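Engineer: One structure is given below, represented as structure tokens, and several questions about it will come after.
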Amino acid sequence: MMKGNFDFYNWWKKFNRKNTYVLALVVFIITTAIYFILQPAIMEEGVLSRITTSNFRTWLPIILLSVGQTVVMLGGGLDLSSGAILSLGNVILAISIRNTDEAGFNLLIVLAVIMMGLVAGALNGFFVAFLDLQPIIATFATSFLYSGLALLILPQPGGKIPRPYTDFYRTTKFLGIPLAIYIIIAVLLIWVFFRNRKYGRFLFAVGGDEKAAYTTGVPVKGIITSTYILSGLLASLGAISYTLLTGSGSARSGEDMTLTALTAAVIGGTSFSGGSGSLFGTVLGAVILGTIQNILSLARLDSWYRTLVNAVIIVIALAGPGFIKLFAREK
Amino acid sequence: MQEKSFAKNLIANVRDWLSFSPQVTALLLAIVVFMASGLLPNGYDSLRGAFNQGLNIVRLSSFLAIISAGQTLVIISGGEGIDLSAGAVVTMAAYFTYSIINGNNSLILPVLMLVIVSGGFIGVLNGLGIAFLQIPPIIMTLGMAGVVQGTLLVMTRGLYDGAVAPLMTKLIARDLFLTIPGMIYLWVFFGIVMWVLLHRTRFGKQLYAIGVNRTTARLSGVKVKSMVIATYTIAGALAAFSGFVLVGWTQNSGLEVGQPYLFPSIAAVAVGGTMLTGGEGSYFGTMVGAIVIQMISSLMRTMQMPEAVQQIVYGAILLSLLVIYGRKKGLRL
């Protein structure tokens, strides 16, 4: 290799380490371009706005879930129960929400779901941080508690959310931008606020090297617990948005979302080993996965191939960072 | 502060007491659960009934135990090792067996070969992803499960047809000798093979070594990456083999046959005292664990508990086992 090339490689590596989402950004531009090319009516009046609204309201539950997953991963853990928490929130909402004239009661239910998310997350955090269990297997086990509870509450899919509520979620726009995008921006702003403050620094320190963080006085257990609580909270918010999107409940609604959300985080540049990644990248990762879904449906893929193609995309996305690392070592 | 240390001491005491011998504990648990099941209204009421009930449970658990064999190896290998693709691989193997053999005795051996090779192939892919691309095992194998399930959907388009070879039924499901079905003899044979593999071969020694500490294993000359790939390959092949046996046993197949065994297969390993952090455990423990898990699930079925409660019970069992056996080292150490 030429010397000039080598310098570029080093610069790229450094740049990548600082901005973990760069690769996601490139993939995002490519997938969006393909999507726009395949969508013939995109230039027509109003189509772009309609597509954006319908896409983001569909993606919001996954985006919230993957943001929670990212926070846990940054702290060096992994939360395999967040999809189950979403299912649980979904069924609670589906069976308890009443008509619009009982707004007070409905608000109470929503608050209860958020509380449930916090408690479920705290339970995960307790098992991982205070009982020193391996995060992956502990949250795998708790996911059975949550999804079992969801199945107990609602054995058959059902329930109905009043139309005005779902319409509010599906069609609200402000300055031509749909509600879902405002929520995403709000989440990112909150993250930016905390990232460079004490909490963010502690979080990255714990994810990078737990022992070193502990010896320098970082409250490791507290930080780890907080990441699971945040993940539970975001899963319950995901449940609220998912219920408003579909208008009904199912105990299996979040089952496949855990892996998708995790993949979104990995595409966004968050590493499994913790301490590196960004929420911005994760949101991009979730949008990429959603766009690929849209491309597949525009390409009229035979529905029997759906499961396979989705699974292959997930495996390739998970393998991506490892491949890049392998090549980097070759150099 | 005082209470917390009390709770910690309690857990430590219980663990010390149980870790005296997890297998014996599990066996005692099995006997207690079995006796309790006799008190149920539709339980056994005579010695003969008890024997039949016991035989039935051993027969049911033998199948679970064979799936758990691969799981045991993977979990001993450490590095958060676990195989969530086992359920899908069982389904795949069952599909091949059922649809290709199609009632033809002469095809049994070739299909058995095909099944084992294809299961091993899935295992190789798992191993490569885990060893070289550093994907956490639970994620890699979960992803692979999706790929296998998706491939099956494409191949079958939801339609499923075939038949069991008469010879398979005769060897596996029917009474072979002393009114005991072939399945149980197969299981005993399996137990011996696994014991030899784990405790009398280099593979076994190296498996425990990488489970305890990968760095020290590598420094003492163990090829860690090859070991990881080999372990997942064997686990895949074993899962596929159990899919083959399952068809001979249930005389039927379907696109969901393997999935219900996935979680019990992990729980059986954990009940048997194999450390979920790796490096410690035995197949004998898993055999006992399979009996315990099978008994609990039979008990729940006789009591007609809904699937939801079963899920919660499994989750709670796994969590309590994790608290007893699966804890990492604390930060102060």
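Ordering of the structure tokens sets the chain letters (A, B, ...); residue numbers start at 1 within each chain; ligands are numbered from 1 in the order shown.
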Give me the residues of chain A that have any atom at most 9 Å from an atom of chain B; for each, the nearest atom pair and the distance in Å, rounded to one decimal. Use only C-alpha atoms, sort by chain and number, and format it as CSV.
Structural biologist:
residue,atom,partner,partner_atom,distance
A:Phe127,CA,B:Val323,CA,8.2
A:Leu131,CA,B:Val323,CA,6.9
A:Asp132,CA,B:Lys328,CA,5.4
A:Leu133,CA,B:Arg327,CA,4.8
A:Gln134,CA,B:Lys328,CA,6.7
A:Ile136,CA,B:Ile138,CA,7.6
A:Ile137,CA,B:Glu80,CA,8.1
A:Ala138,CA,B:Leu319,CA,6.6
A:Phe140,CA,B:Gly315,CA,8.4
A:Ala141,CA,B:Gly315,CA,4.9
A:Thr142,CA,B:Gly315,CA,6.1
A:Ser143,CA,B:Gly315,CA,7.5
A:Phe144,CA,B:Gly315,CA,5.0
A:Leu145,CA,B:Ile312,CA,4.6
A:Tyr146,CA,B:Ile312,CA,7.7
A:Ser147,CA,B:Gln311,CA,7.8
A:Gly148,CA,B:Ala308,CA,4.4
A:Leu149,CA,B:Ala308,CA,6.5
A:Ala150,CA,B:Ala308,CA,7.8
A:Leu151,CA,B:Ala308,CA,5.2
A:Leu152,CA,B:Ala308,CA,5.1
A:Ile153,CA,B:Ala308,CA,8.8
A:Pro155,CA,B:Ala308,CA,7.9
A:Glu210,CA,B:Leu331,CA,8.3
A:Lys211,CA,B:Leu331,CA,6.7
A:Tyr214,CA,B:Leu331,CA,7.6
A:Leu259,CA,B:Ile139,CA,7.7
A:Leu262,CA,B:Ile139,CA,8.9
A:Phe272,CA,B:Pro136,CA,7.5
A:Trp304,CA,B:Val154,CA,5.4
A:Tyr305,CA,B:Val154,CA,5.7
A:Arg306,CA,B:Gly150,CA,7.5
A:Thr307,CA,B:Gly150,CA,4.7
A:Leu308,CA,B:Gly150,CA,3.7
A:Val309,CA,B:Gly150,CA,7.5
A:Asn310,CA,B:Gly146,CA,8.2
A:Ala311,CA,B:Val147,CA,5.0
A:Val312,CA,B:Val147,CA,6.0
A:Ile314,CA,B:Gly143,CA,6.7
A:Val315,CA,B:Gly143,CA,5.6
A:Leu318,CA,B:Ile135,CA,7.0
A:Ala319,CA,B:Leu133,CA,6.0
A:Gly320,CA,B:Leu133,CA,8.1
A:Pro321,CA,B:Leu133,CA,7.6
A:Gly322,CA,B:Leu133,CA,4.0
A:Phe323,CA,B:Leu133,CA,6.1
A:Ile324,CA,B:Leu133,CA,8.9
A:Lys325,CA,B:Leu133,CA,7.9
A:Leu326,CA,B:Leu133,CA,7.4
Engineer: Which residues are close to stretch 236-240 of chain A, i.e. within 9 Å by only C-alpha atoms, leaving aside same-chain residues fewer than 6 positions away? Reply as a list in words.
Structural biologist: Leu60, Pro61, Ile62, Ile63, Leu64, Leu65, Ser82, Ile85, Leu86, Ser87, Leu88, Gly89, Asn90, Val91, Leu93, Val110, Val113, Ile114, Met115, Met116, Gly117, Leu118 and Gly254 of chain A
Engineer: Could the residues in this selection be saved with N, CA and C atoms as a PDB file, in the first residue's frame?
Structural biologist:
ATOM      1  N   LEU A  60     -41.600   4.554  14.908  1.00  0.00           N
ATOM      2  CA  LEU A  60     -41.352   5.124  16.238  1.00  0.00           C
ATOM      3  C   LEU A  60     -41.200   4.065  17.350  1.00  0.00           C
ATOM      4  N   PRO A  61     -42.089   3.038  17.435  1.00  0.00           N
ATOM      5  CA  PRO A  61     -41.901   2.049  18.515  1.00  0.00           C
ATOM      6  C   PRO A  61     -40.523   1.408  18.486  1.00  0.00           C
ATOM      7  N   ILE A  62     -40.077   0.991  17.285  1.00  0.00           N
ATOM      8  CA  ILE A  62     -38.757   0.374  17.157  1.00  0.00           C
ATOM      9  C   ILE A  62     -37.657   1.370  17.517  1.00  0.00           C
ATOM     10  N   ILE A  63     -37.837   2.618  17.087  1.00  0.00           N
ATOM     11  CA  ILE A  63     -36.800   3.619  17.373  1.00  0.00           C
ATOM     12  C   ILE A  63     -36.663   3.809  18.891  1.00  0.00           C
ATOM     13  N   LEU A  64     -37.809   3.929  19.577  1.00  0.00           N
ATOM     14  CA  LEU A  64     -37.751   4.109  21.037  1.00  0.00           C
ATOM     15  C   LEU A  64     -37.091   2.905  21.703  1.00  0.00           C
ATOM     16  N   LEU A  65     -37.478   1.716  21.241  1.00  0.00           N
ATOM     17  CA  LEU A  65     -36.923   0.491  21.803  1.00  0.00           C
ATOM     18  C   LEU A  65     -35.411   0.427  21.588  1.00  0.00           C
ATOM     19  N   SER A  82     -36.659  -6.053  26.484  1.00  0.00           N
ATOM     20  CA  SER A  82     -37.393  -4.820  26.175  1.00  0.00           C
ATOM     21  C   SER A  82     -38.588  -5.089  25.261  1.00  0.00           C
ATOM     22  N   ILE A  85     -41.359  -6.231  27.447  1.00  0.00           N
ATOM     23  CA  ILE A  85     -41.954  -5.117  28.186  1.00  0.00           C
ATOM     24  C   ILE A  85     -42.925  -4.363  27.277  1.00  0.00           C
ATOM     25  N   LEU A  86     -42.517  -4.205  26.015  1.00  0.00           N
ATOM     26  CA  LEU A  86     -43.410  -3.539  25.058  1.00  0.00           C
ATOM     27  C   LEU A  86     -44.717  -4.326  24.913  1.00  0.00           C
ATOM     28  N   SER A  87     -44.623  -5.653  24.773  1.00  0.00           N
ATOM     29  CA  SER A  87     -45.831  -6.477  24.661  1.00  0.00           C
ATOM     30  C   SER A  87     -46.730  -6.267  25.874  1.00  0.00           C
ATOM     31  N   LEU A  88     -46.108  -6.277  27.056  1.00  0.00           N
ATOM     32  CA  LEU A  88     -46.881  -6.144  28.293  1.00  0.00           C
ATOM     33  C   LEU A  88     -47.617  -4.806  28.318  1.00  0.00           C
ATOM     34  N   GLY A  89     -46.886  -3.720  27.980  1.00  0.00           N
ATOM     35  CA  GLY A  89     -47.529  -2.407  27.932  1.00  0.00           C
ATOM     36  C   GLY A  89     -48.652  -2.384  26.910  1.00  0.00           C
ATOM     37  N   ASN A  90     -48.401  -2.993  25.766  1.00  0.00           N
ATOM     38  CA  ASN A  90     -49.390  -3.041  24.688  1.00  0.00           C
ATOM     39  C   ASN A  90     -50.695  -3.702  25.148  1.00  0.00           C
ATOM     40  N   VAL A  91     -50.610  -4.858  25.819  1.00  0.00           N
ATOM     41  CA  VAL A  91     -51.847  -5.539  26.220  1.00  0.00           C
ATOM     42  C   VAL A  91     -52.556  -4.794  27.351  1.00  0.00           C
ATOM     43  N   LEU A  93     -52.613  -1.572  27.812  1.00  0.00           N
ATOM     44  CA  LEU A  93     -53.333  -0.457  27.189  1.00  0.00           C
ATOM     45  C   LEU A  93     -54.555  -0.963  26.434  1.00  0.00           C
ATOM     46  N   VAL A 110     -52.180   5.178  31.242  1.00  0.00           N
ATOM     47  CA  VAL A 110     -50.910   5.465  30.558  1.00  0.00           C
ATOM     48  C   VAL A 110     -49.794   5.610  31.582  1.00  0.00           C
ATOM     49  N   VAL A 113     -48.768   2.264  32.823  1.00  0.00           N
ATOM     50  CA  VAL A 113     -47.900   1.547  31.877  1.00  0.00           C
ATOM     51  C   VAL A 113     -46.470   2.049  31.985  1.00  0.00           C
ATOM     52  N   ILE A 114     -46.329   3.376  32.106  1.00  0.00           N
ATOM     53  CA  ILE A 114     -44.977   3.932  32.254  1.00  0.00           C
ATOM     54  C   ILE A 114     -44.339   3.427  33.550  1.00  0.00           C
ATOM     55  N   MET A 115     -45.138   3.390  34.618  1.00  0.00           N
ATOM     56  CA  MET A 115     -44.644   2.857  35.894  1.00  0.00           C
ATOM     57  C   MET A 115     -44.185   1.408  35.717  1.00  0.00           C
ATOM     58  N   MET A 116     -45.016   0.633  34.997  1.00  0.00           N
ATOM     59  CA  MET A 116     -44.691  -0.776  34.753  1.00  0.00           C
ATOM     60  C   MET A 116     -43.323  -0.886  34.065  1.00  0.00           C
ATOM     61  N   GLY A 117     -43.114  -0.032  33.049  1.00  0.00           N
ATOM     62  CA  GLY A 117     -41.831  -0.055  32.343  1.00  0.00           C
ATOM     63  C   GLY A 117     -40.677   0.229  33.284  1.00  0.00           C
ATOM     64  N   LEU A 118     -40.875   1.235  34.160  1.00  0.00           N
ATOM     65  CA  LEU A 118     -39.814   1.590  35.105  1.00  0.00           C
ATOM     66  C   LEU A 118     -39.530   0.434  36.066  1.00  0.00           C
ATOM     67  N   GLY A 254     -44.298  -7.508  20.748  1.00  0.00           N
ATOM     68  CA  GLY A 254     -42.920  -7.062  20.842  1.00  0.00           C
ATOM     69  C   GLY A 254     -41.892  -8.160  20.637  1.00  0.00           C
TER      70      GLY A 254
END
Engineer: With a distance cut-off of 7 Å and only C-alpha atoms, select the neighbouring residues of stretch 27-44 of chain A, excluding the residue or stretch itself and same-chain residues fewer than 2 positions from it, and output the selection as a list in words.
Structural biologist: Leu23, Ala24, Leu25, Gly46, Val47, Leu48, Leu284, Ile288, Thr291, Ile292, Ile295 and Leu298 of chain A
Engineer: Give me, as a PDB file with N, CA and C atoms, in the first residue's frame, all polymer residues having an atom no more than 9 Å from B:Val224, counting only C-alpha atoms and skipping those fewer than 5 positions away in the same chain.
Structural biologist:
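Once written, out.pdb looks like this:
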ATOM      1  N   ALA B 131     -16.820 -16.737  16.838  1.00  0.00           N
ATOM      2  CA  ALA B 131     -15.376 -16.736  17.055  1.00  0.00           C
ATOM      3  C   ALA B 131     -14.692 -15.600  16.300  1.00  0.00           C
ATOM      4  N   GLN B 206     -10.074 -29.383  26.868  1.00  0.00           N
ATOM      5  CA  GLN B 206      -9.910 -28.036  26.317  1.00  0.00           C
ATOM      6  C   GLN B 206     -11.207 -27.249  26.427  1.00  0.00           C
ATOM      7  N   LEU B 207     -12.348 -27.962  26.339  1.00  0.00           N
ATOM      8  CA  LEU B 207     -13.640 -27.289  26.451  1.00  0.00           C
ATOM      9  C   LEU B 207     -13.771 -26.630  27.825  1.00  0.00           C
ATOM     10  N   ILE B 210     -11.365 -23.555  27.998  1.00  0.00           N
ATOM     11  CA  ILE B 210     -11.805 -22.277  27.410  1.00  0.00           C
ATOM     12  C   ILE B 210     -13.011 -21.733  28.176  1.00  0.00           C
ATOM     13  N   ARG B 214     -10.585 -17.883  28.752  1.00  0.00           N
ATOM     14  CA  ARG B 214     -10.118 -18.031  27.373  1.00  0.00           C
ATOM     15  C   ARG B 214      -8.671 -17.599  27.213  1.00  0.00           C
ATOM     16  N   THR B 215      -8.278 -16.557  27.941  1.00  0.00           N
ATOM     17  CA  THR B 215      -6.911 -16.069  27.780  1.00  0.00           C
ATOM     18  C   THR B 215      -5.909 -17.107  28.269  1.00  0.00           C
ATOM     19  N   ALA B 217      -6.382 -20.232  28.565  1.00  0.00           N
ATOM     20  CA  ALA B 217      -6.454 -21.393  27.679  1.00  0.00           C
ATOM     21  C   ALA B 217      -5.614 -21.156  26.431  1.00  0.00           C
ATOM     22  N   ARG B 218      -5.732 -19.935  25.866  1.00  0.00           N
ATOM     23  CA  ARG B 218      -4.975 -19.625  24.648  1.00  0.00           C
ATOM     24  C   ARG B 218      -3.474 -19.666  24.945  1.00  0.00           C
ATOM     25  N   ILE B 229     -15.634 -22.969  17.368  1.00  0.00           N
ATOM     26  CA  ILE B 229     -16.348 -23.394  16.156  1.00  0.00           C
ATOM     27  C   ILE B 229     -16.727 -24.868  16.263  1.00  0.00           C
TER      28      ILE B 229
END
Engineer: Write out as a list in words which residues come within 10 Å of B:Leu60 when counting only C-alpha atoms, dropping same-chain ones fewer than 2 positions away.
Structural biologist: Gly54, Leu55, Asn56, Ile57, Val58, Ser62, Phe63, Leu64, Ala65, Met183, Ile184, Trp249, Ala290, Ile291, Gln294, Met295 and Ser298 of chain B
Engineer: Just to be explicit: take each residue in the selection above, keep N, CA and C atoms, and write the result as an mmCIF file, in the first residue's frame.
Structural biologist:
data_model
loop_
_atom_site.group_PDB
_atom_site.id
_atom_site.type_symbol
_atom_site.label_atom_id
_atom_site.label_comp_id
_atom_site.auth_asym_id
_atom_site.auth_seq_id
_atom_site.Cartn_x
_atom_site.Cartn_y
_atom_site.Cartn_z
ATOM 1 N N GLY B 54 -43.361 -43.099 36.107
ATOM 2 C CA GLY B 54 -41.935 -42.798 36.135
ATOM 3 C C GLY B 54 -41.291 -43.092 34.794
ATOM 4 N N LEU B 55 -41.624 -44.252 34.211
ATOM 5 C CA LEU B 55 -41.064 -44.644 32.917
ATOM 6 C C LEU B 55 -41.449 -43.624 31.856
ATOM 7 N N ASN B 56 -42.705 -43.204 31.940
ATOM 8 C CA ASN B 56 -43.197 -42.239 30.969
ATOM 9 C C ASN B 56 -42.413 -40.932 31.046
ATOM 10 N N ILE B 57 -42.153 -40.500 32.278
ATOM 11 C CA ILE B 57 -41.426 -39.237 32.445
ATOM 12 C C ILE B 57 -39.991 -39.376 31.942
ATOM 13 N N VAL B 58 -39.361 -40.519 32.253
ATOM 14 C CA VAL B 58 -37.996 -40.732 31.781
ATOM 15 C C VAL B 58 -37.983 -40.732 30.252
ATOM 16 N N SER B 62 -35.966 -38.111 28.050
ATOM 17 C CA SER B 62 -34.813 -38.556 27.271
ATOM 18 C C SER B 62 -34.678 -37.705 26.022
ATOM 19 N N PHE B 63 -35.809 -37.347 25.443
ATOM 20 C CA PHE B 63 -35.726 -36.530 24.237
ATOM 21 C C PHE B 63 -35.175 -35.146 24.537
ATOM 22 N N LEU B 64 -35.730 -34.528 25.592
ATOM 23 C CA LEU B 64 -35.246 -33.206 26.012
ATOM 24 C C LEU B 64 -33.753 -33.253 26.320
ATOM 25 N N ALA B 65 -33.331 -34.354 26.958
ATOM 26 C CA ALA B 65 -31.928 -34.459 27.371
ATOM 27 C C ALA B 65 -31.001 -34.532 26.169
ATOM 28 N N MET B 183 -35.777 -45.587 22.795
ATOM 29 C CA MET B 183 -35.382 -44.213 23.109
ATOM 30 C C MET B 183 -34.545 -44.137 24.379
ATOM 31 N N ILE B 184 -34.944 -44.908 25.406
ATOM 32 C CA ILE B 184 -34.235 -44.826 26.681
ATOM 33 C C ILE B 184 -32.854 -45.473 26.579
ATOM 34 N N TRP B 249 -40.209 -40.548 17.172
ATOM 35 C CA TRP B 249 -40.922 -40.634 18.427
ATOM 36 C C TRP B 249 -42.374 -40.168 18.294
ATOM 37 N N ALA B 290 -32.957 -32.581 32.945
ATOM 38 C CA ALA B 290 -34.013 -32.813 31.961
ATOM 39 C C ALA B 290 -35.197 -33.498 32.615
ATOM 40 N N ILE B 291 -34.916 -34.448 33.523
ATOM 41 C CA ILE B 291 -36.010 -35.137 34.212
ATOM 42 C C ILE B 291 -36.798 -34.145 35.063
ATOM 43 N N GLN B 294 -38.815 -31.848 32.815
ATOM 44 C CA GLN B 294 -39.917 -32.585 32.201
ATOM 45 C C GLN B 294 -41.034 -32.822 33.220
ATOM 46 N N MET B 295 -40.629 -33.127 34.441
ATOM 47 C CA MET B 295 -41.628 -33.378 35.475
ATOM 48 C C MET B 295 -42.408 -32.114 35.789
ATOM 49 N N SER B 298 -44.761 -31.540 32.926
ATOM 50 C CA SER B 298 -45.876 -32.498 32.948
ATOM 51 C C SER B 298 -46.857 -32.124 34.050
#
Engineer: As a list in words, which residues of stretch 122-302 of chain A does DSSP assign to strand (DSSP E)?
Structural biologist: Lys173, Phe174, Ile177 and Pro178 of chain A
Engineer: Report the residues of stretch 83-277 of chain A whose backbone DSSP state falls under helix (DSSP H, G or I), written as an MDAnalysis selection string.
Structural biologist: chainID A and resid 83:96 100:130 135:153 163:171 179:195 198:208 210:215 220:246 257:267
Engineer: Can you list, as a PyMOL selection string, every protein, DNA or RNA residue that comes within 8 Å of stretch 67-77 of chain A when you count only C-alpha atoms, leaving out same-chain residues fewer than 2 positions away?
Structural biologist: chain A and resi 63-65+79+82+135-136+203-208+223-224+227-228+230-235+261-262+265+270-279+282-283
Engineer: Output N, CA, C and O atoms for every residue in the selection just made, as a compact mmCIF listing (two decimals), in the first residue's frame.
Structural biologist:
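Just written: result-v3.txt:
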# COMPACT_ATOMS: atom_id res chain seq x y z
N ILE A 63 -37.84 2.62 17.09
CA ILE A 63 -36.80 3.62 17.37
C ILE A 63 -36.66 3.81 18.89
O ILE A 63 -35.56 3.80 19.43
N LEU A 64 -37.81 3.93 19.58
CA LEU A 64 -37.75 4.11 21.04
C LEU A 64 -37.09 2.90 21.70
O LEU A 64 -36.24 3.04 22.58
N LEU A 65 -37.48 1.72 21.24
CA LEU A 65 -36.92 0.49 21.80
C LEU A 65 -35.41 0.43 21.59
O LEU A 65 -34.65 0.07 22.49
N ASP A 79 -30.14 -5.78 26.84
CA ASP A 79 -31.47 -5.97 27.41
C ASP A 79 -32.33 -6.78 26.43
O ASP A 79 -32.80 -6.25 25.44
N SER A 82 -36.66 -6.05 26.48
CA SER A 82 -37.39 -4.82 26.18
C SER A 82 -38.59 -5.09 25.26
O SER A 82 -39.63 -4.45 25.41
N PRO A 135 -25.86 -10.09 32.11
CA PRO A 135 -27.01 -9.33 31.62
C PRO A 135 -27.82 -10.09 30.56
O PRO A 135 -29.04 -10.08 30.60
N ILE A 136 -27.13 -10.75 29.62
CA ILE A 136 -27.86 -11.36 28.51
C ILE A 136 -28.80 -12.44 29.03
O ILE A 136 -29.99 -12.45 28.71
N LEU A 203 -21.60 6.99 32.30
CA LEU A 203 -22.12 5.89 31.50
C LEU A 203 -21.05 5.31 30.58
O LEU A 203 -20.81 4.10 30.54
N PHE A 204 -20.36 6.20 29.84
CA PHE A 204 -19.31 5.74 28.93
C PHE A 204 -18.16 5.10 29.71
O PHE A 204 -17.55 4.13 29.27
N ALA A 205 -17.87 5.66 30.90
CA ALA A 205 -16.78 5.10 31.71
C ALA A 205 -17.11 3.68 32.14
O ALA A 205 -16.28 2.77 32.04
N VAL A 206 -18.36 3.47 32.60
CA VAL A 206 -18.77 2.13 33.05
C VAL A 206 -18.74 1.14 31.88
O VAL A 206 -18.26 0.02 32.01
N GLY A 207 -19.22 1.59 30.72
CA GLY A 207 -19.25 0.71 29.56
C GLY A 207 -17.86 0.39 29.06
O GLY A 207 -17.59 -0.71 28.59
N GLY A 208 -16.95 1.37 29.18
CA GLY A 208 -15.60 1.17 28.67
C GLY A 208 -14.81 0.21 29.54
O GLY A 208 -14.23 -0.75 29.07
N ILE A 223 -25.32 3.36 38.00
CA ILE A 223 -25.35 3.69 36.57
C ILE A 223 -25.94 2.52 35.78
O ILE A 223 -26.81 2.70 34.92
N ILE A 224 -25.47 1.30 36.07
CA ILE A 224 -25.96 0.13 35.32
C ILE A 224 -27.47 -0.02 35.52
O ILE A 224 -28.23 -0.19 34.56
N THR A 227 -29.46 2.36 33.46
CA THR A 227 -29.60 2.07 32.02
C THR A 227 -30.77 1.13 31.77
O THR A 227 -31.53 1.31 30.83
N TYR A 228 -30.94 0.13 32.65
CA TYR A 228 -32.06 -0.80 32.46
C TYR A 228 -33.39 -0.11 32.73
O TYR A 228 -34.39 -0.39 32.05
N LEU A 230 -33.99 3.04 32.18
CA LEU A 230 -34.25 3.85 31.00
C LEU A 230 -34.78 2.98 29.86
O LEU A 230 -35.71 3.35 29.15
N SER A 231 -34.17 1.79 29.71
CA SER A 231 -34.62 0.91 28.64
C SER A 231 -36.07 0.48 28.87
O SER A 231 -36.88 0.45 27.93
N GLY A 232 -36.41 0.18 30.14
CA GLY A 232 -37.79 -0.17 30.45
C GLY A 232 -38.73 0.98 30.17
O GLY A 232 -39.81 0.80 29.59
N LEU A 233 -38.30 2.20 30.56
CA LEU A 233 -39.12 3.39 30.32
C LEU A 233 -39.37 3.56 28.82
O LEU A 233 -40.51 3.76 28.38
N LEU A 234 -38.29 3.47 28.02
CA LEU A 234 -38.45 3.67 26.58
C LEU A 234 -39.29 2.55 25.96
O LEU A 234 -40.05 2.79 25.02
N ALA A 235 -39.18 1.33 26.52
CA ALA A 235 -40.02 0.25 26.01
C ALA A 235 -41.49 0.54 26.29
O ALA A 235 -42.35 0.27 25.45
N ALA A 261 -34.48 -4.15 17.26
CA ALA A 261 -33.98 -2.96 17.94
C ALA A 261 -32.48 -3.07 18.20
O ALA A 261 -31.72 -2.12 18.03
N LEU A 262 -32.07 -4.28 18.57
CA LEU A 262 -30.65 -4.51 18.82
C LEU A 262 -29.84 -4.33 17.55
O LEU A 262 -28.77 -3.72 17.55
N ALA A 265 -29.31 -0.73 16.75
CA ALA A 265 -28.23 -0.15 17.54
C ALA A 265 -26.86 -0.53 16.96
O ALA A 265 -25.96 0.31 16.87
N THR A 270 -23.07 1.18 17.60
CA THR A 270 -22.88 0.87 19.01
C THR A 270 -22.25 -0.52 19.13
O THR A 270 -22.69 -1.45 18.47
N SER A 271 -21.22 -0.64 19.98
CA SER A 271 -20.52 -1.91 20.04
C SER A 271 -21.08 -2.78 21.15
O SER A 271 -21.58 -2.27 22.16
N PHE A 272 -21.00 -4.10 20.94
CA PHE A 272 -21.51 -5.04 21.93
C PHE A 272 -20.74 -4.94 23.23
O PHE A 272 -21.26 -5.23 24.29
N SER A 273 -19.46 -4.54 23.13
CA SER A 273 -18.64 -4.58 24.33
C SER A 273 -18.83 -3.33 25.18
O SER A 273 -18.26 -3.23 26.26
N GLY A 274 -19.63 -2.38 24.73
CA GLY A 274 -19.95 -1.24 25.56
C GLY A 274 -19.00 -0.07 25.42
O GLY A 274 -17.90 -0.20 24.87
N GLY A 275 -19.43 1.09 25.90
CA GLY A 275 -18.57 2.25 25.96
C GLY A 275 -18.40 3.02 24.67
O GLY A 275 -17.71 4.03 24.64
N SER A 276 -19.01 2.55 23.58
CA SER A 276 -18.88 3.30 22.34
C SER A 276 -20.15 3.19 21.52
O SER A 276 -20.75 2.13 21.40
N GLY A 277 -20.57 4.33 20.97
CA GLY A 277 -21.80 4.36 20.19
C GLY A 277 -22.53 5.67 20.38
O GLY A 277 -22.09 6.52 21.14
N SER A 278 -23.63 5.83 19.66
CA SER A 278 -24.39 7.06 19.80
C SER A 278 -25.85 6.82 19.52
O SER A 278 -26.20 5.94 18.74
N LEU A 279 -26.70 7.61 20.14
CA LEU A 279 -28.13 7.46 19.91
C LEU A 279 -28.51 7.93 18.52
O LEU A 279 -29.43 7.39 17.90
N THR A 282 -28.11 5.13 16.27
CA THR A 282 -29.16 4.14 16.48
C THR A 282 -30.45 4.52 15.75
O THR A 282 -31.07 3.69 15.09
N VAL A 283 -30.82 5.80 15.85
CA VAL A 283 -32.02 6.25 15.15
C VAL A 283 -31.84 6.02 13.65
O VAL A 283 -32.73 5.51 12.97
Engineer: Kindly indicate which residue among B:Thr91, B:Gln53, B:Thr286, B:Ser99 lies nearest to B:Leu73, using only C-alpha atoms for the distances.
Structural biologist: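 For B:Leu73, the nearest of the candidates is B:Thr286.
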Engineer: If you count only C-alpha atoms, which residues fall within 7 Å of B:Ala268, apart from same-chain ones fewer than 4 positions away, as a PyMOL selection string?
Structural biologist: chain B and resi 68+264+272+286+289-290+293
